file upload_7.cif (mmCIF, C-alpha atoms)
data_data
#
loop_
_atom_site.group_PDB
_atom_site.id
_atom_site.type_symbol
_atom_site.label_atom_id
_atom_site.label_comp_id
_atom_site.auth_asym_id
_atom_site.auth_seq_id
_atom_site.Cartn_x
_atom_site.Cartn_y
_atom_site.Cartn_z
ATOM 1 C CA MET U 1 34.259 17.638 14.451
ATOM 2 C CA LEU U 2 33.231 21.206 14.011
ATOM 3 C CA LEU U 3 34.997 24.492 14.144
ATOM 4 C CA ALA U 4 33.552 27.770 13.115
ATOM 5 C CA VAL U 5 35.190 31.133 13.323
ATOM 6 C CA LEU U 6 33.934 34.460 12.158
ATOM 7 C CA VAL U 7 36.580 37.145 12.072
ATOM 8 C CA SER U 8 36.255 40.803 11.283
ATOM 9 C CA CYS U 9 39.412 42.447 10.013
ATOM 10 C CA ALA U 10 39.848 46.030 8.923
ATOM 11 C CA ALA U 11 42.623 46.209 6.358
ATOM 12 C CA ALA U 12 44.064 49.387 7.814
ATOM 13 C CA ALA U 13 43.414 48.749 11.480
ATOM 14 C CA GLY U 14 43.980 45.002 11.819
ATOM 15 C CA CYS U 15 41.575 42.444 13.185
ATOM 16 C CA ALA U 16 38.695 44.048 15.043
ATOM 17 C CA SER U 17 37.230 40.940 16.611
ATOM 18 C CA THR U 18 37.361 37.172 16.670
ATOM 19 C CA VAL U 19 34.439 35.008 17.705
ATOM 20 C CA ARG U 20 34.561 31.228 17.995
ATOM 21 C CA ILE U 21 31.245 29.385 17.880
ATOM 22 C CA GLY U 22 30.264 25.740 18.108
ATOM 23 C CA SER U 23 31.609 22.563 19.612
ATOM 24 C CA PRO U 24 34.104 20.051 18.244
ATOM 25 C CA GLU U 25 31.524 17.275 18.139
ATOM 26 C CA HIS U 26 29.011 19.053 15.974
ATOM 27 C CA SER U 27 27.797 17.373 12.774
ATOM 28 C CA CYS U 28 26.747 19.009 9.494
ATOM 29 C CA SER U 29 23.393 17.239 9.965
ATOM 30 C CA PRO U 30 20.736 18.377 10.327
ATOM 31 C CA GLY U 31 22.327 21.799 10.283
ATOM 32 C CA PHE U 32 24.739 24.209 11.829
ATOM 33 C CA THR U 33 24.375 27.989 11.770
ATOM 34 C CA PRO U 34 27.107 29.909 13.565
ATOM 35 C CA SER U 35 26.512 33.646 13.764
ATOM 36 C CA ASN U 36 27.787 36.840 15.260
ATOM 37 C CA GLU U 37 27.326 40.550 14.660
ATOM 38 C CA GLN U 38 28.915 40.183 11.204
ATOM 39 C CA GLY U 39 26.354 37.682 9.997
ATOM 40 C CA ARG U 40 25.800 33.949 9.866
ATOM 41 C CA ILE U 41 26.931 30.887 7.957
ATOM 42 C CA THR U 42 24.772 27.863 7.408
ATOM 43 C CA ALA U 43 25.677 24.280 6.580
ATOM 44 C CA GLN U 44 22.763 21.882 6.330
ATOM 45 C CA GLN U 45 22.555 18.176 5.605
ATOM 46 C CA ARG U 46 19.118 16.557 5.624
ATOM 47 C CA GLY U 47 20.448 13.272 6.927
ATOM 48 C CA PRO U 48 23.185 10.667 6.653
ATOM 49 C CA GLY U 49 24.455 10.269 3.121
ATOM 50 C CA GLY U 50 22.877 13.490 1.909
ATOM 51 C CA GLY U 51 24.448 16.503 0.261
ATOM 52 C CA VAL U 52 25.458 19.624 2.176
ATOM 53 C CA GLN U 53 23.820 22.961 1.417
ATOM 54 C CA TRP U 54 25.595 26.097 2.569
ATOM 55 C CA GLY U 55 25.054 29.847 2.549
ATOM 56 C CA ILE U 56 26.515 33.138 3.754
ATOM 57 C CA TYR U 57 24.145 35.724 5.217
ATOM 58 C CA PRO U 58 26.031 38.907 6.151
ATOM 59 C CA ASN U 59 24.698 41.635 8.412
ATOM 60 C CA VAL U 60 27.127 44.173 7.021
ATOM 61 C CA PRO U 61 27.345 45.296 3.402
ATOM 62 C CA ALA U 62 30.063 43.917 1.151
ATOM 63 C CA VAL U 63 30.846 44.394 -2.508
ATOM 64 C CA ARG U 64 32.756 41.175 -3.135
ATOM 65 C CA TYR U 65 32.708 37.649 -1.729
ATOM 66 C CA VAL U 66 35.374 35.014 -2.344
ATOM 67 C CA VAL U 67 34.574 31.514 -1.081
ATOM 68 C CA ASP U 68 36.310 28.143 -1.322
ATOM 69 C CA VAL U 69 34.620 24.884 -0.325
ATOM 70 C CA PHE U 70 36.663 21.777 0.433
ATOM 71 C CA VAL U 71 35.734 18.128 1.019
ATOM 72 C CA ASN U 72 38.522 16.278 2.814
ATOM 73 C CA ASN U 73 40.959 19.032 1.858
ATOM 74 C CA ARG U 74 40.135 18.765 -1.840
ATOM 75 C CA ARG U 75 38.620 21.929 -3.227
ATOM 76 C CA PHE U 76 35.157 21.389 -4.579
ATOM 77 C CA ASP U 77 33.927 24.905 -5.253
ATOM 78 C CA HIS U 78 35.325 28.403 -5.727
ATOM 79 C CA LYS U 79 33.153 31.494 -6.010
ATOM 80 C CA ASP U 80 34.116 35.121 -6.524
ATOM 81 C CA GLN U 81 31.016 37.272 -6.822
ATOM 82 C CA ASP U 82 29.340 40.509 -5.788
ATOM 83 C CA TYR U 83 26.402 39.032 -3.843
ATOM 84 C CA PRO U 84 26.254 36.739 -0.797
ATOM 85 C CA PRO U 85 27.114 33.222 -1.980
ATOM 86 C CA HIS U 86 25.334 29.960 -1.399
ATOM 87 C CA GLY U 87 25.783 26.529 -2.883
ATOM 88 C CA SER U 88 25.785 22.840 -2.254
ATOM 89 C CA VAL U 89 27.930 19.750 -2.332
ATOM 90 C CA PRO U 90 25.835 16.956 -3.862
ATOM 91 C CA ALA U 91 25.496 13.604 -2.155
ATOM 92 C CA SER U 92 27.610 12.054 -4.899
ATOM 93 C CA ALA U 93 30.580 14.179 -3.799
ATOM 94 C CA ILE U 94 30.485 13.773 -0.016
ATOM 95 C CA SER U 95 30.241 10.651 2.140
ATOM 96 C CA SER U 96 29.539 9.975 5.768
ATOM 97 C CA GLY U 97 32.566 11.001 7.815
ATOM 98 C CA ASP U 98 33.942 13.369 5.190
ATOM 99 C CA VAL U 99 34.980 16.799 6.414
ATOM 100 C CA PHE U 100 33.201 19.771 4.867
ATOM 101 C CA ARG U 101 35.123 23.039 5.095
ATOM 102 C CA LEU U 102 34.190 26.482 3.836
ATOM 103 C CA GLU U 103 36.585 29.425 3.836
ATOM 104 C CA GLY U 104 35.795 32.878 2.603
ATOM 105 C CA GLN U 105 36.437 36.570 2.544
ATOM 106 C CA ALA U 106 34.048 39.495 2.197
ATOM 107 C CA PHE U 107 35.304 42.888 1.052
ATOM 108 C CA ASN U 108 33.539 46.179 1.585
ATOM 109 C CA ALA U 109 33.818 49.245 -0.630
ATOM 110 C CA ARG U 110 36.729 50.613 1.464
ATOM 111 C CA GLY U 111 38.736 47.439 0.962
ATOM 112 C CA ASP U 112 38.218 46.121 4.480
ATOM 113 C CA VAL U 113 37.972 42.362 4.602
ATOM 114 C CA GLY U 114 35.936 40.009 6.764
ATOM 115 C CA ILE U 115 37.152 36.436 7.034
ATOM 116 C CA PHE U 116 34.863 33.512 7.751
ATOM 117 C CA PHE U 117 35.125 29.763 7.845
ATOM 118 C CA ILE U 118 33.225 26.719 9.003
ATOM 119 C CA THR U 119 34.118 23.050 9.285
ATOM 120 C CA CYS U 120 31.848 20.137 10.079
ATOM 121 C CA LYS U 121 31.710 16.403 9.582
ATOM 122 C CA ALA U 122 29.180 14.894 7.184
ATOM 123 C CA ALA U 123 26.714 12.502 8.758
ATOM 124 C CA MET T 124 33.968 5.091 -13.558
ATOM 125 C CA THR T 125 30.523 4.555 -14.990
ATOM 126 C CA THR T 126 27.772 6.547 -16.585
ATOM 127 C CA GLY T 127 24.333 6.661 -15.089
ATOM 128 C CA LEU T 128 23.636 3.633 -17.245
ATOM 129 C CA HIS T 129 26.693 1.883 -15.786
ATOM 130 C CA GLN T 130 28.738 2.006 -18.944
ATOM 131 C CA PRO T 131 32.470 2.822 -18.808
ATOM 132 C CA LEU T 132 33.418 6.377 -19.733
ATOM 133 C CA ARG T 133 36.130 5.884 -22.370
ATOM 134 C CA ASP T 134 36.533 9.274 -24.051
ATOM 135 C CA LEU T 135 36.739 12.170 -21.602
ATOM 136 C CA ASN T 136 36.740 14.895 -24.248
ATOM 137 C CA ALA T 137 33.639 13.442 -25.840
ATOM 138 C CA ALA T 138 32.018 13.212 -22.403
ATOM 139 C CA LEU T 139 32.762 16.867 -21.690
ATOM 140 C CA GLN T 140 31.274 17.904 -25.008
ATOM 141 C CA ALA T 141 28.192 15.753 -24.487
ATOM 142 C CA VAL T 142 27.475 17.331 -21.118
ATOM 143 C CA LEU T 143 28.305 20.803 -22.337
ATOM 144 C CA ASP T 144 25.926 20.525 -25.280
ATOM 145 C CA ARG T 145 23.060 19.432 -23.045
ATOM 146 C CA VAL T 146 23.661 21.996 -20.308
ATOM 147 C CA ARG T 147 24.115 24.838 -22.767
ATOM 148 C CA ALA T 148 20.907 23.875 -24.547
ATOM 149 C CA ASP T 149 18.899 24.239 -21.339
ATOM 150 C CA ALA T 150 20.817 27.285 -20.080
ATOM 151 C CA ASP T 151 20.266 29.126 -23.349
ATOM 152 C CA GLY T 152 18.731 32.483 -22.541
ATOM 153 C CA SER T 153 19.671 32.298 -18.863
ATOM 154 C CA GLY T 154 22.455 34.836 -19.282
ATOM 155 C CA LEU T 155 25.199 32.475 -18.091
ATOM 156 C CA GLU T 156 28.046 30.957 -20.082
ATOM 157 C CA VAL T 157 29.356 27.596 -18.886
ATOM 158 C CA GLU T 158 32.622 25.874 -19.813
ATOM 159 C CA LEU T 159 34.127 22.502 -18.874
ATOM 160 C CA ARG T 160 37.845 21.759 -18.753
ATOM 161 C CA VAL T 161 40.476 19.604 -17.055
ATOM 162 C CA ASP T 162 42.250 21.700 -14.416
ATOM 163 C CA PRO T 163 44.942 19.818 -12.447
ATOM 164 C CA ASP T 164 45.536 22.858 -10.216
ATOM 165 C CA PHE T 165 42.018 23.319 -8.870
ATOM 166 C CA ALA T 166 41.423 20.634 -6.233
ATOM 167 C CA VAL T 167 44.701 21.050 -4.360
ATOM 168 C CA PRO T 168 45.615 24.736 -4.493
ATOM 169 C CA GLY T 169 49.370 25.103 -4.357
ATOM 170 C CA GLY T 170 49.849 21.335 -4.161
ATOM 171 C CA VAL T 171 49.913 18.297 -6.392
ATOM 172 C CA ASP T 172 46.746 16.524 -7.436
ATOM 173 C CA ASP T 173 47.779 12.984 -8.322
ATOM 174 C CA ARG T 174 44.340 11.846 -9.402
ATOM 175 C CA SER T 175 43.504 11.070 -13.007
ATOM 176 C CA PRO T 176 42.119 13.747 -15.358
ATOM 177 C CA ILE T 177 38.575 12.500 -14.942
ATOM 178 C CA HIS T 178 38.763 13.662 -11.309
ATOM 179 C CA GLN T 179 40.099 17.051 -12.405
ATOM 180 C CA VAL T 180 37.259 18.237 -14.609
ATOM 181 C CA VAL T 181 35.905 21.605 -13.519
ATOM 182 C CA GLY T 182 32.972 23.669 -14.607
ATOM 183 C CA VAL T 183 33.539 27.368 -15.128
ATOM 184 C CA ILE T 184 30.849 30.045 -15.012
ATOM 185 C CA GLY T 185 32.570 33.414 -14.999
ATOM 186 C CA GLU T 186 34.577 33.571 -11.750
ATOM 187 C CA HIS T 187 32.822 30.486 -10.373
ATOM 188 C CA VAL T 188 34.844 27.270 -10.671
ATOM 189 C CA PHE T 189 33.556 23.944 -9.383
ATOM 190 C CA ALA T 190 34.330 20.232 -9.472
ATOM 191 C CA ALA T 191 32.139 18.710 -12.159
ATOM 192 C CA GLY T 192 32.115 15.151 -10.814
ATOM 193 C CA PHE T 193 32.843 13.213 -13.987
ATOM 194 C CA GLU T 194 34.353 10.442 -11.855
ATOM 195 C CA HIS T 195 30.766 9.645 -10.847
ATOM 196 C CA GLY T 196 29.701 9.097 -14.465
ATOM 197 C CA LEU T 197 28.379 11.059 -17.397
ATOM 198 C CA GLU T 198 24.790 11.420 -16.231
ATOM 199 C CA ALA T 199 25.720 12.282 -12.648
ATOM 200 C CA ALA T 200 28.120 14.933 -13.946
ATOM 201 C CA CYS T 201 25.464 16.314 -16.272
ATOM 202 C CA ALA T 202 23.020 16.624 -13.383
ATOM 203 C CA ALA T 203 25.661 18.162 -11.111
ATOM 204 C CA VAL T 204 26.714 20.776 -13.662
ATOM 205 C CA MET T 205 23.115 21.634 -14.548
ATOM 206 C CA SER T 206 22.337 22.006 -10.846
ATOM 207 C CA VAL T 207 25.209 24.450 -10.372
ATOM 208 C CA VAL T 208 24.051 26.439 -13.393
ATOM 209 C CA GLN T 209 20.576 26.522 -11.887
ATOM 210 C CA ASP T 210 21.979 27.793 -8.559
ATOM 211 C CA ASP T 211 23.953 30.506 -10.311
ATOM 212 C CA VAL T 212 21.019 31.671 -12.409
ATOM 213 C CA VAL T 213 18.912 31.867 -9.252
ATOM 214 C CA GLY T 214 21.659 33.820 -7.503
ATOM 215 C CA MET T 215 22.072 36.186 -10.421
ATOM 216 C CA ARG T 216 18.365 36.803 -10.954
ATOM 217 C CA GLY T 217 17.291 36.624 -7.325
ATOM 218 C CA ARG T 218 14.329 34.403 -8.165
ATOM 219 C CA PRO T 219 13.700 30.740 -8.916
ATOM 220 C CA TRP T 220 14.738 29.309 -12.313
ATOM 221 C CA PRO T 221 13.590 27.618 -14.441
ATOM 222 C CA GLU T 222 9.984 28.459 -13.693
ATOM 223 C CA ILE T 223 7.370 27.005 -16.010
ATOM 224 C CA ALA T 224 4.308 28.940 -17.117
ATOM 225 C CA ASP T 225 1.444 27.992 -19.381
ATOM 226 C CA ASP T 226 0.023 29.961 -22.286
ATOM 227 C CA ASP T 227 -1.851 32.435 -20.099
ATOM 228 C CA ALA T 228 1.315 33.039 -18.058
ATOM 229 C CA SER T 229 0.057 31.155 -15.020
ATOM 230 C CA ALA T 230 2.970 29.747 -13.032
ATOM 231 C CA LEU T 231 3.111 25.963 -13.027
ATOM 232 C CA GLY T 232 6.063 25.586 -10.696
ATOM 233 C CA VAL T 233 9.836 25.521 -10.620
ATOM 234 C CA LEU T 234 11.787 22.587 -12.023
ATOM 235 C CA ASP T 235 14.428 20.610 -10.144
ATOM 236 C CA VAL T 236 17.454 18.775 -11.506
ATOM 237 C CA ALA T 237 17.995 15.155 -10.525
ATOM 238 C CA CYS T 238 19.779 12.036 -11.706
ATOM 239 C CA GLU T 239 18.278 9.366 -9.515
ATOM 240 C CA PRO T 240 16.241 7.213 -9.553
ATOM 241 C CA LEU T 241 16.329 7.145 -13.351
ATOM 242 C CA GLY T 242 20.111 7.182 -13.703
ATOM 243 C CA ILE T 243 19.638 9.927 -16.304
ATOM 244 C CA ALA T 244 20.172 13.633 -15.696
ATOM 245 C CA HIS T 245 16.677 15.064 -15.892
ATOM 246 C CA TRP T 246 14.350 17.867 -14.939
ATOM 247 C CA SER T 247 11.508 17.056 -12.606
ATOM 248 C CA HIS T 248 8.258 18.932 -12.152
ATOM 249 C CA LEU T 249 6.349 18.561 -8.890
ATOM 250 C CA GLY T 250 8.427 15.502 -8.096
ATOM 251 C CA ARG T 251 7.857 13.749 -11.407
ATOM 252 C CA PRO T 252 10.440 13.369 -14.175
ATOM 253 C CA LEU T 253 9.731 15.776 -17.046
ATOM 254 C CA CYS T 254 12.552 15.376 -19.565
ATOM 255 C CA ALA T 255 16.262 14.700 -19.874
ATOM 256 C CA VAL T 256 18.637 17.616 -19.381
ATOM 257 C CA GLY T 257 19.206 19.071 -22.828
ATOM 258 C CA HIS T 258 15.597 18.746 -23.927
ATOM 259 C CA LEU T 259 13.921 21.369 -21.761
ATOM 260 C CA SER T 260 12.991 23.915 -24.403
ATOM 261 C CA ALA T 261 11.664 21.396 -26.905
ATOM 262 C CA THR T 262 9.678 19.564 -24.261
ATOM 263 C CA CYS T 263 8.117 22.740 -22.946
ATOM 264 C CA ARG T 264 7.220 23.852 -26.458
ATOM 265 C CA ALA T 265 5.513 20.531 -27.034
ATOM 266 C CA LEU T 266 3.510 20.959 -23.828
ATOM 267 C CA GLY T 267 2.617 24.579 -24.576
ATOM 268 C CA TRP T 268 4.692 25.774 -21.659
ATOM 269 C CA ARG T 269 7.162 28.617 -21.425
ATOM 270 C CA VAL T 270 10.370 28.744 -19.409
ATOM 271 C CA ARG T 271 10.909 32.009 -17.576
#

call {"tool": "encode", "arguments": {"input": "upload_7.cif", "output": "structure tokens"}}
result
Amino acid sequence: MLLAVLVSCAAAAGCASTVRIGSPEHSCSPGFTPSNEQGRITAQQRGPGGGVQWGIYPNVPAVRYVVDVFVNNRRFDHKDQDYPPHGSVPASAISSGDVFRLEGQAFNARGDVGIFFITCKAA
Amino acid sequence: MTTGLHQPLRDLNAALQAVLDRVRADADGSGLEVELRVDPDFAVPGGVDDRSPIHQVVGVIGEHVFAAGFEHGLEAACAAVMSVVQDDVVGMRGRPWPEIADDDASALGVLDVACEPLGIAHWSHLGRPLCAVGHLSATCRALGWRVR
């Protein structure tokens, strides 16, 4: 199962674009990197039973990033920082068949917000 | 729940302090402050987390909050927390950490955090175990290395 959506929203003007990427059968392993003009998200798992490494690589400048990472709907990680975030879920915290989900927001200096999320199933 | 040595974890507060002492020792000078606490509201935002407190331990580094994994045992949690600290130091500095250098400042490589196969949270250098988490500075001093 995989769903990835990158959305660009301007706070004053409403959503500017919505792009859906990927297929529902996609696995986190060996990797998945949806992208659009706003940037790309990566989720990588070396193989079955391994941890999942993730990262946000924006094409547009932002001054704040807020990201939540969930494993089977339980939050594992929360970041609120001024540089593009990356992180990992160790193998001890995710098992084969678990659902990895990342949700986040990026804010620019004008207060506009970009919304991004990715979901994939651990191998 | 078990430690890396497969012993039951009986005192959660003592376990938190044990991990905190070790992680803080190795993160000293990194510029980051790490805390550990039980937070029943973290894993299920806006909902009810009915798991036991050992599942609800979070690490806190500024605005970064993460599941510490104490349900997997003391040593696994120690390695997990140290690994997150390492990630955050790298993110903050924009370069690998901890990097080891010898007396003439020649780089000897970047250390990794692991728990397996030893069952002990440890630093490894070039794929070989170097020392337990919490002993990095003393070990490097003994070897004539510097952490940078």

call {"tool": "interface_residues", "arguments": {"input": "upload_7.cif", "of": "chain U", "to": "chain T", "cutoff": "8 Å", "atoms": "all atoms listed in the file", "output": "MDAnalysis selection string"}}
result
chainID U and resid 73:81 83 85 87 90 92:93

call {"tool": "closest_residue", "arguments": {"input": "upload_7.cif", "among": "U:Pro34, U:Arg101, U:His26, U:Ala62", "to": "Val113 of chain U", "atoms": "all atoms listed in the file"}}
result
U:Ala62

call {"tool": "atom_distance", "arguments": {"input": "upload_7.cif", "atom1": "atom CA of Val52 of chain U", "atom2": "atom CA of Asn136 of chain T"}}
result
29.1 Å

call {"tool": "atom_distance", "arguments": {"input": "upload_7.cif", "atom1": "atom CA of Ile243 of chain T", "atom2": "atom CA of Arg271 of chain T"}}
result
23.8 Å

call {"tool": "atom_distance", "arguments": {"input": "upload_7.cif", "atom1": "atom CA of Ser29 of chain U", "atom2": "atom CA of Val67 of chain U"}}
result
21.2 Å

call {"tool": "axis_aligned_box", "arguments": {"input": "upload_7.cif", "around": "segment 223-236 of chain T", "padding_each_side": "5 Å", "output": "AutoDock Vina command-line options"}}
result
--center_x 7.8 --center_y 25.9 --center_z -16.2 --size_x 29.3 --size_y 24.3 --size_z 22.1

call {"tool": "resolve_selection", "arguments": {"input": "upload_7.cif", "expression": "the PyMOL selection byres ((chain U and resi 121) around 9)", "output": "PyMOL selection string"}}
result
chain U and resi 1-2+25-29+96-101+119-120+122-123

call {"tool": "resolve_selection", "arguments": {"input": "upload_7.cif", "expression": "the PyMOL selection byres ((chain U and resi 64) around 7)", "output": "VMD selection string"}}
result
chain U and resid 62 to 63 65 to 66 81 to 83 106 to 108

call {"tool": "closest_residue", "arguments": {"input": "upload_7.cif", "among": "T:Val208, T:Leu197, T:Ile223, T:Leu259", "to": "His245 of chain T", "atoms": "only C-alpha atoms"}}
result
T:Leu259

call {"tool": "build_atoms", "arguments": {"input": "upload_7.cif", "residues": "segment 162-177 of chain T", "atoms": "N, CA and C atoms", "output": "short mmCIF file (atom, residue, chain, number, x, y, z; two decimals), in the frame of the given file"}}
result
data_model
loop_
_atom_site.label_atom_id
_atom_site.label_comp_id
_atom_site.auth_asym_id
_atom_site.auth_seq_id
_atom_site.Cartn_x
_atom_site.Cartn_y
_atom_site.Cartn_z
N ASP T 162 41.39 20.75 -15.11
CA ASP T 162 42.25 21.70 -14.42
C ASP T 162 42.97 20.98 -13.28
N PRO T 163 44.22 20.57 -13.49
CA PRO T 163 44.94 19.82 -12.45
C PRO T 163 45.33 20.67 -11.24
N ASP T 164 45.13 21.97 -11.32
CA ASP T 164 45.54 22.86 -10.22
C ASP T 164 44.38 23.26 -9.31
N PHE T 165 43.17 22.81 -9.61
CA PHE T 165 42.02 23.32 -8.87
C PHE T 165 41.84 22.65 -7.51
N ALA T 166 41.83 21.34 -7.45
CA ALA T 166 41.42 20.63 -6.23
C ALA T 166 42.41 20.79 -5.08
N VAL T 167 43.68 20.92 -5.41
CA VAL T 167 44.70 21.05 -4.36
C VAL T 167 45.49 22.33 -4.63
N PRO T 168 44.95 23.46 -4.21
CA PRO T 168 45.62 24.74 -4.49
C PRO T 168 47.03 24.76 -3.93
N GLY T 169 47.98 25.02 -4.79
CA GLY T 169 49.37 25.10 -4.36
C GLY T 169 50.02 23.75 -4.14
N GLY T 170 49.29 22.67 -4.37
CA GLY T 170 49.85 21.34 -4.16
C GLY T 170 49.77 20.50 -5.42
N VAL T 171 49.92 19.21 -5.25
CA VAL T 171 49.91 18.30 -6.39
C VAL T 171 48.68 17.39 -6.30
N ASP T 172 47.91 17.40 -7.35
CA ASP T 172 46.75 16.52 -7.44
C ASP T 172 47.14 15.31 -8.26
N ASP T 173 47.29 14.17 -7.62
CA ASP T 173 47.78 12.98 -8.32
C ASP T 173 46.65 12.11 -8.86
N ARG T 174 45.44 12.63 -8.86
CA ARG T 174 44.34 11.85 -9.40
C ARG T 174 44.31 11.97 -10.92
N SER T 175 43.57 11.09 -11.55
CA SER T 175 43.50 11.07 -13.01
C SER T 175 42.68 12.25 -13.51
N PRO T 176 42.83 12.59 -14.81
CA PRO T 176 42.12 13.75 -15.36
C PRO T 176 40.61 13.72 -15.14
N ILE T 177 40.03 12.55 -15.09
CA ILE T 177 38.58 12.50 -14.94
C ILE T 177 38.14 13.09 -13.60
#
